[in-house]
$ cat coords-v5.json   # JSON, C-alpha atoms and all ligand atoms
[["chain", "number", "residue", "atom", "x", "y", "z"],
["A", 1, "MET", "CA", 79.73, 204.36, -192.49],
["A", 2, "SER", "CA", 81.32, 201.89, -194.86],
["A", 3, "ASP", "CA", 84.42, 202.89, -196.72],
["A", 4, "VAL", "CA", 82.80, 202.72, -200.12],
["A", 5, "THR", "CA", 84.11, 205.42, -202.46],
["A", 6, "LEU", "CA", 81.57, 207.22, -204.60],
["A", 7, "CYS", "CA", 82.26, 208.66, -208.01],
["A", 8, "ALA", "CA", 82.59, 212.46, -207.80],
["A", 9, "ILE", "CA", 80.82, 212.80, -211.13],
["A", 10, "CYS", "CA", 77.85, 210.43, -211.22],
["A", 11, "GLY", "CA", 77.63, 209.33, -207.58],
["A", 12, "GLN", "CA", 77.75, 205.61, -208.21],
["A", 13, "VAL", "CA", 80.27, 203.35, -206.49],
["A", 14, "ALA", "CA", 83.77, 204.04, -207.76],
["A", 15, "ASP", "CA", 85.15, 200.51, -207.80],
["A", 16, "CYS", "CA", 88.42, 201.31, -209.52],
["A", 17, "ALA", "CA", 91.41, 203.35, -208.48],
["A", 18, "ALA", "CA", 90.76, 205.99, -211.14],
["A", 19, "GLU", "CA", 90.99, 209.62, -210.14],
["A", 20, "TYR", "CA", 90.45, 212.90, -211.89],
["A", 21, "ARG", "CA", 92.14, 215.97, -210.38],
["A", 22, "GLY", "CA", 92.39, 214.07, -207.12],
["A", 23, "GLU", "CA", 88.72, 213.10, -207.03],
["A", 24, "PRO", "CA", 87.62, 209.47, -207.26],
["A", 25, "VAL", "CA", 85.75, 208.58, -210.44],
["A", 26, "CYS", "CA", 84.06, 205.35, -211.50],
["A", 27, "GLN", "CA", 85.18, 203.17, -214.41],
["A", 28, "SER", "CA", 82.38, 204.40, -216.64],
["A", 29, "CYS", "CA", 83.05, 208.11, -216.06],
["A", 30, "ASN", "CA", 86.78, 207.56, -216.34],
["A", 31, "SER", "CA", 86.56, 205.94, -219.75],
["A", 32, "ARG", "CA", 84.21, 208.69, -220.93],
["A", 33, "ILE", "CA", 86.67, 211.35, -219.78],
["A", 34, "LEU", "CA", 89.48, 209.66, -221.72],
["A", 35, "ALA", "CA", 87.29, 209.28, -224.82],
["A", 36, "TYR", "CA", 86.40, 212.99, -224.65],
["A", 37, "VAL", "CA", 90.03, 214.06, -224.35],
["A", 38, "ASN", "CA", 90.85, 211.86, -227.35],
["A", 39, "ARG", "CA", 88.01, 213.34, -229.38],
["A", 40, "VAL", "CA", 89.15, 216.90, -228.66],
["A", 41, "GLU", "CA", 92.75, 216.04, -229.55],
["A", 42, "ALA", "CA", 91.67, 214.23, -232.71],
["A", 43, "ARG", "CA", 89.74, 217.31, -233.79],
["A", 44, "ILE", "CA", 92.75, 219.57, -233.26],
["A", 45, "ASP", "CA", 94.90, 217.08, -235.23],
["A", 46, "ARG", "CA", 92.39, 217.06, -238.07],
["A", 47, "LEU", "CA", 92.35, 220.85, -238.24],
["A", 48, "GLN", "CA", 96.14, 221.11, -238.13],
["A", 49, "ASN", "CA", 96.49, 218.52, -240.90],
["A", 50, "ARG", "CA", 93.96, 220.32, -243.06],
["A", 51, "ALA", "CA", 95.76, 223.65, -242.57],
["A", 52, "GLU", "CA", 99.05, 222.02, -243.53],
["A", 53, "ARG", "CA", 97.54, 220.47, -246.67],
["A", 54, "LEU", "CA", 96.00, 223.80, -247.73],
["A", 55, "ASN", "CA", 99.29, 225.58, -247.21],
["A", 56, "LYS", "CA", 101.12, 223.03, -249.36],
["A", 57, "GLU", "CA", 98.54, 223.33, -252.11],
["A", 58, "ALA", "CA", 98.75, 227.12, -251.90],
["A", 59, "ASP", "CA", 102.55, 226.96, -252.16],
["A", 60, "ALA", "CA", 102.25, 224.73, -255.23],
["A", 61, "ASP", "CA", 99.76, 227.09, -256.90],
["A", 62, "HIS", "CA", 101.92, 230.06, -256.05],
["A", 63, "ASP", "CA", 105.01, 228.42, -257.54],
["A", 64, "ARG", "CA", 103.08, 227.45, -260.66],
["A", 65, "ALA", "CA", 101.79, 231.01, -261.15],
["A", 66, "HIS", "CA", 105.27, 232.38, -260.55],
["A", 67, "ASN", "CA", 106.82, 230.02, -263.12],
["A", 68, "MET", "CA", 104.14, 230.90, -265.65],
["A", 69, "ALA", "CA", 104.80, 234.59, -265.08],
["A", 70, "THR", "CA", 108.57, 234.27, -265.49],
["A", 71, "ALA", "CA", 107.94, 232.77, -268.93],
["A", 72, "ILE", "CA", 106.85, 236.27, -269.99],
["A", 73, "PRO", "CA", 109.83, 238.64, -270.26],
["A", 74, "TRP", "CA", 109.46, 241.38, -267.71],
["A", 75, "GLY", "CA", 107.40, 244.33, -268.91],
["A", 76, "GLN", "CA", 106.54, 242.72, -272.22],
["A", 77, "PRO", "CA", 103.27, 244.16, -273.52],
["A", 78, "ILE", "CA", 100.43, 241.94, -274.66],
["A", 79, "ALA", "CA", 101.16, 240.55, -278.11],
["A", 80, "SER", "CA", 99.51, 242.52, -280.88],
["A", 81, "ASN", "CA", 99.60, 239.86, -283.56],
["A", 82, "TYR", "CA", 97.67, 236.62, -284.11],
["A", 83, "ARG", "CA", 98.95, 235.43, -280.68],
["A", 84, "ARG", "CA", 97.05, 238.21, -278.94],
["A", 85, "GLN", "CA", 94.15, 236.09, -277.66],
["A", 86, "ALA", "CA", 96.46, 233.27, -276.53],
["A", 87, "ASP", "CA", 98.58, 235.82, -274.70],
["A", 88, "ILE", "CA", 95.57, 237.34, -272.94],
["A", 89, "ASN", "CA", 94.36, 233.88, -271.93],
["A", 90, "TYR", "CA", 97.78, 232.99, -270.59],
["A", 91, "ARG", "CA", 97.97, 236.12, -268.45],
["A", 92, "GLU", "CA", 94.45, 235.44, -267.23],
["A", 93, "ARG", "CA", 95.48, 231.91, -266.17],
["A", 94, "ILE", "CA", 98.44, 233.30, -264.22],
["A", 95, "HIS", "CA", 96.15, 235.72, -262.48],
["A", 96, "LYS", "CA", 93.67, 232.94, -261.60],
["A", 97, "THR", "CA", 96.41, 230.68, -260.28],
["A", 98, "TYR", "CA", 97.71, 233.45, -258.01],
["A", 99, "GLU", "CA", 94.17, 234.10, -256.88],
["A", 100, "ARG", "CA", 93.66, 230.39, -256.10],
["A", 101, "ALA", "CA", 96.88, 230.31, -254.07],
["A", 102, "PHE", "CA", 95.77, 233.40, -252.20],
["A", 103, "GLN", "CA", 92.36, 231.89, -251.39],
["A", 104, "LYS", "CA", 94.03, 228.71, -250.11],
["A", 105, "TYR", "CA", 96.42, 230.66, -247.89],
["A", 106, "LYS", "CA", 93.42, 232.47, -246.46],
["A", 107, "ALA", "CA", 91.56, 229.20, -245.87],
["A", 108, "ALA", "CA", 94.65, 227.66, -244.23],
["A", 109, "ALA", "CA", 94.95, 230.66, -241.91],
["A", 110, "GLU", "CA", 91.30, 230.28, -240.92],
["A", 111, "VAL", "CA", 91.66, 226.56, -240.22],
["A", 112, "ASN", "CA", 94.80, 227.29, -238.22],
["A", 113, "ARG", "CA", 92.93, 229.88, -236.21],
["A", 114, "ARG", "CA", 90.24, 227.30, -235.41],
["A", 115, "ALA", "CA", 92.86, 224.73, -234.36],
["A", 116, "GLU", "CA", 94.50, 227.27, -232.07],
["A", 117, "ALA", "CA", 91.16, 228.33, -230.63],
["A", 118, "ALA", "CA", 90.32, 224.68, -229.94],
["A", 119, "GLU", "CA", 93.68, 224.20, -228.23],
["A", 120, "LYS", "CA", 93.39, 227.30, -226.09],
["A", 121, "ASN", "CA", 89.70, 226.91, -225.35],
["A", 122, "ARG", "CA", 89.28, 227.27, -221.58],
["A", 123, "ALA", "CA", 85.49, 227.21, -221.68],
["A", 124, "ILE", "CA", 84.02, 224.17, -219.98],
["A", 125, "SER", "CA", 81.99, 222.18, -222.51],
["A", 126, "SER", "CA", 78.97, 220.20, -221.38],
["A", 127, "ASP", "CA", 80.33, 217.45, -223.66],
["A", 128, "ASP", "CA", 83.17, 217.02, -221.20],
["A", 129, "PRO", "CA", 82.31, 214.25, -218.70],
["A", 130, "ALA", "CA", 84.57, 216.00, -216.17],
["A", 131, "ALA", "CA", 82.66, 219.29, -216.61],
["A", 132, "ILE", "CA", 80.99, 218.81, -213.19],
["A", 133, "LEU", "CA", 84.34, 218.70, -211.39],
["A", 134, "LYS", "CA", 85.72, 221.67, -213.31],
["A", 135, "LEU", "CA", 82.58, 223.71, -212.69],
["A", 136, "GLU", "CA", 82.60, 222.83, -208.98],
["A", 137, "GLU", "CA", 86.15, 224.13, -208.78],
["A", 138, "LYS", "CA", 85.07, 227.34, -210.49],
["A", 139, "LEU", "CA", 82.09, 227.59, -208.15],
["A", 140, "ARG", "CA", 84.32, 227.32, -205.08],
["A", 141, "LEU", "CA", 86.47, 230.17, -206.40],
["A", 142, "LEU", "CA", 83.44, 232.36, -207.05],
["A", 143, "GLU", "CA", 82.09, 231.65, -203.56],
["A", 144, "GLN", "CA", 85.42, 232.54, -202.02],
["A", 145, "THR", "CA", 85.44, 235.75, -204.03],
["A", 146, "GLN", "CA", 81.94, 236.58, -202.82],
["A", 147, "THR", "CA", 82.92, 236.09, -199.17],
["A", 148, "LEU", "CA", 86.09, 238.08, -199.66],
["A", 149, "MET", "CA", 84.27, 241.01, -201.26],
["A", 150, "ARG", "CA", 81.67, 241.07, -198.48],
["A", 151, "ASP", "CA", 84.31, 240.88, -195.75],
["A", 152, "MET", "CA", 86.40, 243.63, -197.29],
["A", 153, "ASN", "CA", 83.38, 245.89, -197.64],
["A", 154, "LYS", "CA", 82.50, 245.31, -193.99],
["A", 155, "TYR", "CA", 86.03, 246.14, -192.95],
["A", 156, "ILE", "CA", 86.15, 249.27, -195.10],
["A", 157, "ARG", "CA", 82.83, 250.56, -193.70],
["A", 158, "LYS", "CA", 83.89, 249.92, -190.11],
["A", 159, "ASN", "CA", 87.26, 251.64, -190.47],
["A", 160, "ALA", "CA", 86.25, 254.53, -192.69],
["A", 161, "LYS", "CA", 87.45, 257.07, -190.12],
["A", 162, "LYS", "CA", 90.97, 255.68, -189.83],
["A", 163, "PRO", "CA", 93.84, 257.19, -191.83],
["A", 164, "GLN", "CA", 93.90, 255.93, -195.43],
["A", 165, "GLN", "CA", 97.44, 254.56, -195.14],
["A", 166, "GLU", "CA", 96.52, 252.45, -192.12],
["A", 167, "GLN", "CA", 93.42, 251.12, -193.89],
["A", 168, "ILE", "CA", 95.46, 250.12, -196.93],
["A", 169, "GLN", "CA", 97.97, 248.28, -194.77],
["A", 170, "VAL", "CA", 95.30, 246.27, -192.96],
["A", 171, "LEU", "CA", 93.58, 245.33, -196.25],
["A", 172, "VAL", "CA", 96.93, 244.11, -197.57],
["A", 173, "ASP", "CA", 97.76, 242.18, -194.40],
["A", 174, "THR", "CA", 94.33, 240.68, -193.80],
["A", 175, "PHE", "CA", 93.12, 239.91, -197.30],
["A", 176, "GLY", "CA", 96.36, 239.44, -199.21],
["A", 177, "ILE", "CA", 95.60, 241.96, -201.93],
["A", 178, "SER", "CA", 98.16, 244.37, -203.37],
["A", 179, "SER", "CA", 98.46, 247.86, -201.90],
["A", 180, "LYS", "CA", 97.58, 249.26, -205.33],
["A", 181, "ARG", "CA", 94.29, 247.29, -205.33],
["A", 182, "ALA", "CA", 93.63, 248.34, -201.72],
["A", 183, "ALA", "CA", 94.14, 252.00, -202.62],
["A", 184, "GLU", "CA", 91.74, 251.60, -205.54],
["A", 185, "LEU", "CA", 89.09, 250.13, -203.28],
["A", 186, "LEU", "CA", 89.42, 253.06, -200.89],
["A", 187, "THR", "CA", 89.08, 255.63, -203.66],
["A", 188, "PRO", "CA", 85.47, 256.86, -203.76],
["A", 189, "ASP", "CA", 83.55, 256.52, -207.03],
["A", 190, "TYR", "CA", 81.40, 259.32, -208.47],
["A", 191, "LEU", "CA", 78.73, 258.59, -205.83],
["A", 192, "LYS", "CA", 81.39, 258.80, -203.10],
["A", 193, "ARG", "CA", 81.13, 255.08, -202.43],
["A", 194, "VAL", "CA", 84.15, 252.97, -201.49],
["A", 195, "GLY", "CA", 84.75, 249.24, -201.58],
["A", 196, "PHE", "CA", 83.18, 246.81, -204.04],
["A", 197, "ALA", "CA", 80.14, 248.16, -205.85],
["A", 198, "ASP", "CA", 76.79, 246.47, -205.34],
["A", 199, "TYR", "CA", 76.70, 245.35, -208.95],
["A", 200, "GLU", "CA", 79.99, 243.47, -208.53],
["A", 201, "LEU", "CA", 78.50, 241.44, -205.69],
["A", 202, "THR", "CA", 75.22, 240.98, -207.56],
["A", 203, "ASN", "CA", 76.91, 239.85, -210.77],
["A", 204, "ASN", "CA", 79.14, 237.41, -208.97],
["A", 205, "ASN", "CA", 76.14, 236.05, -207.08],
["A", 206, "ALA", "CA", 74.18, 235.62, -210.31],
["A", 207, "GLU", "CA", 77.10, 233.68, -211.79],
["A", 208, "ILE", "CA", 77.18, 231.48, -208.68],
["A", 209, "ARG", "CA", 73.47, 230.69, -209.07],
["A", 210, "ARG", "CA", 73.86, 229.99, -212.79],
["A", 211, "LEU", "CA", 76.78, 227.62, -212.13],
["A", 212, "LYS", "CA", 74.88, 225.77, -209.39],
["A", 213, "ALA", "CA", 71.97, 225.18, -211.76],
["A", 214, "ARG", "CA", 74.28, 223.96, -214.51],
["A", 215, "ILE", "CA", 76.07, 221.59, -212.12],
["A", 216, "ALA", "CA", 72.75, 220.19, -210.90],
["A", 217, "ASP", "CA", 71.70, 219.60, -214.52],
["A", 218, "LEU", "CA", 74.94, 217.87, -215.39],
["A", 219, "LYS", "CA", 74.77, 215.70, -212.25],
["A", 220, "GLU", "CA", 71.32, 214.54, -213.22],
["A", 221, "ARG", "CA", 72.58, 213.65, -216.68],
["A", 222, "ALA", "CA", 75.73, 211.94, -215.36],
["A", 223, "LYS", "CA", 73.54, 209.65, -213.24],
["A", 224, "ILE", "CA", 71.45, 208.71, -216.28],
["A", 225, "VAL", "CA", 74.50, 208.11, -218.46],
["A", 226, "SER", "CA", 76.28, 205.92, -215.91],
["A", 227, "ALA", "CA", 73.13, 203.89, -215.24],
["A", 228, "ALA", "CA", 72.37, 203.40, -218.93],
["A", 229, "THR", "CA", 73.01, 199.93, -220.34],
["A", 230, "GLU", "CA", 73.09, 201.28, -223.88],
["A", 231, "THR", "CA", 74.75, 204.58, -224.58],
["A", 232, "VAL", "CA", 73.30, 204.96, -228.09],
["A", 233, "THR", "CA", 69.56, 204.56, -228.55],
["A", 234, "GLU", "CA", 67.33, 205.03, -231.56],
["A", 235, "GLU", "CA", 63.70, 206.01, -231.72],
["A", 236, "ALA", "CA", 61.75, 205.84, -234.98],
["A", 237, "HIS", "CA", 59.17, 208.51, -235.88],
["A", 238, "GLY", "CA", 57.83, 207.52, -239.29],
["A", 239, "ASP", "CA", 60.87, 207.50, -241.53],
["A", 240, "ILE", "CA", 62.82, 209.90, -239.29],
["A", 241, "THR", "CA", 64.98, 208.45, -236.53],
["A", 242, "ILE", "CA", 66.01, 210.23, -233.33],
["A", 243, "GLU", "CA", 69.36, 208.97, -232.12],
["A", 244, "ARG", "CA", 70.58, 209.81, -228.63],
["A", 245, "ASP", "CA", 74.31, 209.29, -228.15],
["A", 246, "LEU", "CA", 75.20, 209.59, -224.45],
["A", 247, "ASP", "CA", 78.92, 209.09, -225.08],
["A", 248, "GLU", "CA", 79.25, 211.95, -227.49],
["A", 249, "ASN", "CA", 76.45, 213.93, -225.87],
["A", 250, "ARG", "CA", 74.57, 214.40, -229.14],
["A", 251, "LEU", "CA", 70.97, 214.20, -230.25],
["A", 252, "ARG", "CA", 70.79, 213.26, -233.94],
["A", 253, "LEU", "CA", 68.03, 213.31, -236.49],
["A", 254, "LYS", "CA", 68.37, 210.85, -239.35],
["A", 255, "PHE", "CA", 66.33, 211.35, -242.50],
["A", 256, "PRO", "CA", 65.78, 208.75, -245.23],
["A", 257, "GLY", "CA", 67.27, 211.12, -247.82],
["A", 258, "LYS", "CA", 68.26, 214.76, -248.10],
["A", 259, "PRO", "CA", 65.52, 216.84, -246.44],
["A", 260, "SER", "CA", 63.85, 219.66, -248.40],
["A", 261, "LYS", "CA", 65.34, 223.16, -248.33],
["A", 262, "GLU", "CA", 62.61, 224.28, -245.93],
["A", 263, "VAL", "CA", 63.33, 221.45, -243.51],
["A", 264, "ILE", "CA", 67.07, 222.11, -243.70],
["A", 265, "ALA", "CA", 66.50, 225.79, -242.96],
["A", 266, "ARG", "CA", 64.33, 224.80, -240.00],
["A", 267, "LEU", "CA", 66.96, 222.33, -238.75],
["A", 268, "LYS", "CA", 69.61, 225.04, -238.87],
["A", 269, "SER", "CA", 67.42, 227.57, -237.10],
["A", 270, "GLU", "CA", 66.83, 224.97, -234.36],
["A", 271, "GLY", "CA", 70.57, 224.62, -233.87],
["A", 272, "PHE", "CA", 71.14, 221.36, -235.72],
["A", 273, "ARG", "CA", 74.31, 220.96, -237.79],
["A", 274, "TRP", "CA", 75.00, 218.38, -240.48],
["A", 275, "SER", "CA", 77.50, 215.76, -239.36],
["A", 276, "PRO", "CA", 78.93, 213.97, -242.42],
["A", 277, "SER", "CA", 80.58, 211.27, -240.32],
["A", 278, "ASN", "CA", 77.23, 210.36, -238.73],
["A", 279, "MET", "CA", 75.11, 211.09, -241.80],
["A", 280, "ALA", "CA", 72.79, 212.96, -239.45],
["A", 281, "TRP", "CA", 71.71, 216.39, -238.24],
["A", 282, "GLN", "CA", 72.91, 216.81, -234.69],
["A", 283, "ARG", "CA", 73.15, 219.13, -231.71],
["A", 284, "GLN", "CA", 74.16, 218.87, -228.07],
["A", 285, "LEU", "CA", 71.94, 216.44, -226.18],
["A", 286, "ASN", "CA", 69.91, 218.31, -223.59],
["A", 287, "ASN", "CA", 66.34, 219.30, -222.87],
["A", 288, "SER", "CA", 66.34, 222.13, -225.41],
["A", 289, "ALA", "CA", 67.48, 219.61, -228.05],
["A", 290, "GLU", "CA", 64.57, 217.32, -227.14],
["A", 291, "TRP", "CA", 62.11, 220.17, -227.61],
["A", 292, "ALA", "CA", 63.79, 221.23, -230.84],
["A", 293, "ALA", "CA", 63.56, 217.66, -232.18],
["A", 294, "LYS", "CA", 59.85, 217.56, -231.34],
["A", 295, "ARG", "CA", 59.27, 220.82, -233.21],
["A", 296, "ILE", "CA", 61.16, 219.50, -236.25],
["A", 297, "LEU", "CA", 59.09, 216.30, -236.32],
["A", 298, "GLN", "CA", 55.91, 218.36, -236.08],
["A", 299, "PHE", "CA", 57.13, 220.67, -238.85],
["A", 300, "VAL", "CA", 57.85, 217.74, -241.17],
["A", 301, "GLN", "CA", 54.52, 216.11, -240.34],
["A", 302, "ASP", "CA", 52.65, 219.35, -241.10],
["A", 303, "LYS", "CA", 54.51, 219.63, -244.41],
["A", 304, "ASN", "CA", 53.52, 216.11, -245.40],
["A", 305, "SER", "CA", 49.84, 216.33, -244.49],
["B", 401, "ZN", "ZN", 80.90, 207.95, -212.36]]
$ encode --input "coords-v5.json" --output "structure tokens"
Amino acid sequence: MSDVTLCAICGQVADCAAEYRGEPVCQSCNSRILAYVNRVEARIDRLQNRAERLNKEADADHDRAHNMATAIPWGQPIASNYRRQADINYRERIHKTYERAFQKYKAAAEVNRRAEAAEKNRAISSDDPAAILKLEEKLRLLEQTQTLMRDMNKYIRKNAKKPQQEQIQVLVDTFGISSKRAAELLTPDYLKRVGFADYELTNNNAEIRRLKARIADLKERAKIVSAATETVTEEAHGDITIERDLDENRLRLKFPGKPSKEVIARLKSEGFRWSPSNMAWQRQLNNSAEWAAKRILQFVQDKNS
């Protein structure tokens, strides 16, 4: 065995000292991880700035409406003379300005909510180059849980005849759970069963299998990305271009102009979203995206023939 260190993400030689959560990573994966973190932070910044701007605009509208309203003496009825129409219009403008302020406050709150959700988001995105490592950590926890549940069930079955208090104590001592949790486990359910229910073990096992498949998928992709000499490639299909961006993990469709309503509806139903900064319709780059792109191309071709 040589002492070559392999990247924990893509498996190629990790020739730099970079680490992620204590695991060695290669230069290529490391720079992608940093770029991803920057992208996520930039998005949160953008959202926070937009919320701030909307709030300021709402404040300004609110002040304006308030100033307009204070120009009318409190409780003064609508003018009954030749100024009547002007008066009605004025009151209408106040109302509209308040309404605009209100709508902007609402929009700001929504943008704020999205910024907070993005900040707190604990879900592991496939866009994240470190997703493999995070998912492997999660997998280890789930596997430990599975073993623990099985072992506890075995223990509970074997010692069912012992006094309850003694059973609780051993569960606490051996498995490190609280006595409250131990007591719960020893309380029979409506079918007089104790311990972890079958469905708990089955569900956890299903999640383990799902995670393993996702990790295998991501590993395959990480290998391709690290081996790629170009991270953005284009493929022309008539006047439509498929762009695959390995860095941002996006498949993009570029049209010569604005597609027809029908095509746009189809794009949306296939999960594509308009990206103004890329001037393209995009979705996460994976096998489903490849199939979706093929269907779109076919759809457009059928429309044109
Ligand atoms: Zn790597």
$ atom_distance --input "coords-v5.json" --atom1 "atom CA of A:Lys154" --atom2 "atom CA of A:Leu211"
26.0 Å
$ atom_distance --input "coords-v5.json" --atom1 "atom CA of A:Phe196" --atom2 "atom CA of A:Ile177"
13.5 Å
$ closest_residue --input "coords-v5.json" --among "A:Asp61, A:Glu270, A:Glu220, A:Glu41" --to "ligand ZN 401 (chain B)" --atoms "all atoms listed in the file"
A:Glu220
$ closest_residue --input "coords-v5.json" --among "A:Ser80, A:Gln167, A:Ser178, A:Asn205" --to "A:Leu141" --atoms "only C-alpha atoms"
A:Asn205
$ closest_residue --input "coords-v5.json" --among "A:Glu57, A:Glu119, A:Glu290, A:Glu136" --to "A:Glu23" --atoms "all atoms listed in the file"
A:Glu136
